[in-house]
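Colleague: Structure incoming, see below.
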Amino acid sequence: MNDRTPTVFVVDDDVAVCTSLRLLLRSVGLPAVTCASAAEFLAQFDAECPGCIVLDIRMPGMSGIELQQVLNERHSITPIVFITGHGDVPMAVEAMQAGAIDFIQKPFRDQDLLDRINRALDRDRALRAELSERDAIRQRIARLTPREREVLDLVTKGKANKVIAGDLEVSQRTVEIHRARVMEKMGATSLVHLVRMVIEAEREN
């Protein structure tokens, strides 16, 4: 699990907006990094750093929408809150369909933006916890012996010990021993729990 401090990245070509948002965020104890362009943001962005992105939808050079596309191609999970002008709502809706968590129209109240940022940070925290758990399950599976892995695959397909013994041409007692070791190594409390872990491990990030 990533224990780094969540950071709010503000990407806006308006220097005054960057300055005011940085002061606002710091006033409520949220670390903030401001960037005047998408290129400046990409040059320093670390996908492993928890947090969220407050992104202006219209910017010279690479727009906010184009930056979102780049981040999606890089499989970034960092939530995005778009800042939009009045005429940008259709674009914002398109951005949310592409994975943005929220958008807010200018002019906005500070508290409205903070509420959206806090929701985005909660989402980021939950996603990273989920990915961390998934990685931990995959590591446990990787530590199983080849025979234990075979037993795991057959058990989670719903096969009984007697059937597994026949499939693997071993005694039922041997299957029971391997099954117990699998449960222990996986930290599973029940067969249902084991199946859920395997399903989770097979999900794509």
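Going by the structure tokens order, chains are called A, B, ..., each with residues numbered from 1, while ligands are numbered from 1 in the order shown.
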Using only C-alpha atoms, which residues sit within 10 Å of Phe103 of chain A once same-chain residues fewer than 3 positions away are excluded, as a list in words?
Modeller: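 My reading of the contact set: Val54, Leu55, Asp56, Ile57, Ile80, Val81, Phe82, Ile83, Thr84, Val89, Ala92, Val93, Ala95, Met96, Ala100, Lys106, Leu113 and Arg116 of chain A.
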Colleague: Can those selected residues be exported to a file as a short mmCIF file (atom, residue, chain, number, x, y, z; two decimals), in the first residue's frame so that it contains C-alpha atoms?
Modeller:
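And here is the file that came out, result29.cif:
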```
data_model
loop_
_atom_site.label_atom_id
_atom_site.label_comp_id
_atom_site.auth_asym_id
_atom_site.auth_seq_id
_atom_site.Cartn_x
_atom_site.Cartn_y
_atom_site.Cartn_z
CA VAL A 54 -7.66 19.39 -10.95
CA LEU A 55 -7.47 20.02 -14.68
CA ASP A 56 -8.53 22.94 -16.87
CA ILE A 57 -10.42 21.54 -19.84
CA ILE A 80 -9.46 13.91 -12.48
CA VAL A 81 -11.72 16.84 -11.62
CA PHE A 82 -12.14 19.11 -14.64
CA ILE A 83 -12.53 22.90 -14.41
CA THR A 84 -14.83 24.05 -17.20
CA VAL A 89 -20.22 21.15 -20.37
CA ALA A 92 -16.90 17.67 -19.59
CA VAL A 93 -19.59 15.02 -20.00
CA ALA A 95 -14.46 13.54 -20.23
CA MET A 96 -16.46 11.83 -17.49
CA ALA A 100 -13.02 11.70 -15.09
CA LYS A 106 -16.36 28.57 -13.44
CA LEU A 113 -14.31 22.54 -5.38
CA ARG A 116 -15.14 17.44 -5.28
#
```
Colleague: Do you know which residues are at most 10 Å from Ile141 of chain A counting only C-alpha atoms, after dropping those on the same chain fewer than 4 positions away, and could you put them as a tab-separated table (two decimals) with N, CA and C atoms, in the first residue's frame?
Modeller:
```
chain	number	residue	atom	x	y	z
A	135	ASP	N	-2.60	-7.16	-5.73
A	135	ASP	CA	-1.18	-7.52	-5.87
A	135	ASP	C	-0.76	-8.52	-4.79
A	136	ALA	N	-1.26	-8.32	-3.56
A	136	ALA	CA	-0.92	-9.21	-2.46
A	136	ALA	C	-1.45	-10.63	-2.74
A	137	ILE	N	-2.65	-10.71	-3.28
A	137	ILE	CA	-3.23	-12.02	-3.61
A	137	ILE	C	-2.40	-12.70	-4.69
A	145	THR	N	3.29	-23.97	-4.76
A	145	THR	CA	4.03	-24.93	-5.58
A	145	THR	C	3.18	-25.26	-6.81
A	148	GLU	N	0.25	-27.34	-5.77
A	148	GLU	CA	-0.73	-26.55	-5.02
A	148	GLU	C	-1.53	-25.66	-5.96
A	149	ARG	N	-0.88	-25.16	-7.00
A	149	ARG	CA	-1.57	-24.32	-7.97
A	149	ARG	C	-2.61	-25.14	-8.74
A	152	LEU	N	-5.47	-25.62	-6.41
A	152	LEU	CA	-6.20	-24.35	-6.32
A	152	LEU	C	-7.14	-24.19	-7.51
A	182	VAL	N	-2.92	-24.83	0.64
A	182	VAL	CA	-3.38	-23.73	-0.22
A	182	VAL	C	-4.18	-22.73	0.61
A	185	LYS	N	-1.70	-20.82	2.92
A	185	LYS	CA	-0.82	-19.88	2.21
A	185	LYS	C	-1.60	-18.69	1.64
A	186	MET	N	-2.84	-18.95	1.23
A	186	MET	CA	-3.65	-17.88	0.66
A	186	MET	C	-4.31	-17.03	1.74
A	197	MET	N	-10.91	-14.51	-3.87
A	197	MET	CA	-9.54	-14.02	-4.04
A	197	MET	C	-9.01	-14.35	-5.43
A	198	VAL	N	-9.30	-15.55	-5.90
A	198	VAL	CA	-8.85	-15.94	-7.24
A	198	VAL	C	-9.50	-15.06	-8.31
A	201	ALA	N	-7.81	-11.74	-8.24
A	201	ALA	CA	-6.45	-11.79	-8.81
A	201	ALA	C	-6.48	-11.81	-10.32
```
Colleague: Can you list, as a PyMOL selection string, every residue of segment 13-151 of chain A that DSSP puts in strand (DSSP E or B)?
Modeller: chain A and resi 32-35+51-56+80-84+102-105
Colleague: With distances taken over only C-alpha atoms, which residue among A:Thr5, A:Glu48, A:Ile104, A:Ala38 lies nearest Ser63 of chain A?
Modeller: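 Residue with the minimum atom-to-atom distance to Ser63 of chain A: A:Ala38.
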Colleague: At a cut-off of 12 Å, using only C-alpha atoms, what residues contact Asp115 of chain A? Leave out same-chain residues fewer than 5 positions from it and give the result as a list of chain:residue names.
Modeller: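 Answer for this query is A:Leu25, A:Val28, A:Val81, A:Asp102, A:Phe103, A:Ile104, A:Phe108, A:Arg109, A:Asp110, A:Ala120, A:Leu121, A:Asp122.
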Colleague: Mind dumping the selected residues with C-alpha atoms as a JSON list (two decimals), in the first residue's frame?
Modeller:
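Once everything was written out, this is out_1.json:
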```
[["chain", "number", "residue", "atom", "x", "y", "z"],
["A", 25, "LEU", "CA", -5.58, 23.75, -0.81],
["A", 28, "VAL", "CA", -7.00, 23.06, 4.41],
["A", 81, "VAL", "CA", -11.72, 16.84, -11.62],
["A", 102, "ASP", "CA", -16.25, 15.12, -11.73],
["A", 103, "PHE", "CA", -16.26, 18.60, -13.24],
["A", 104, "ILE", "CA", -16.98, 22.04, -11.89],
["A", 108, "PHE", "CA", -17.16, 28.15, -8.51],
["A", 109, "ARG", "CA", -17.32, 28.37, -4.73],
["A", 110, "ASP", "CA", -14.18, 27.25, -2.93],
["A", 120, "ALA", "CA", -11.62, 12.35, -5.71],
["A", 121, "LEU", "CA", -9.06, 11.69, -2.95],
["A", 122, "ASP", "CA", -11.43, 9.15, -1.35]]
```
Colleague: Among segment 27-88 of chain A, which residues carry a DSSP assignment of alpha helix (DSSP H), reported as number ranges by chain?
Modeller: A: 27, 38-44, 64-73
Colleague: Figure out the distance between atom CA of Cys18 of chain A and atom CA of Pro31 of chain A, please, to one decimal in Å.
Modeller: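 It comes out at 13.2 Å.
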Colleague: Looking at only C-alpha atoms, which of A:Ser76, A:Gln69, A:Glu202, A:Pro107 is the one that sits closest to Glu94 of chain A?
Modeller: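 Closest candidate: A:Gln69.
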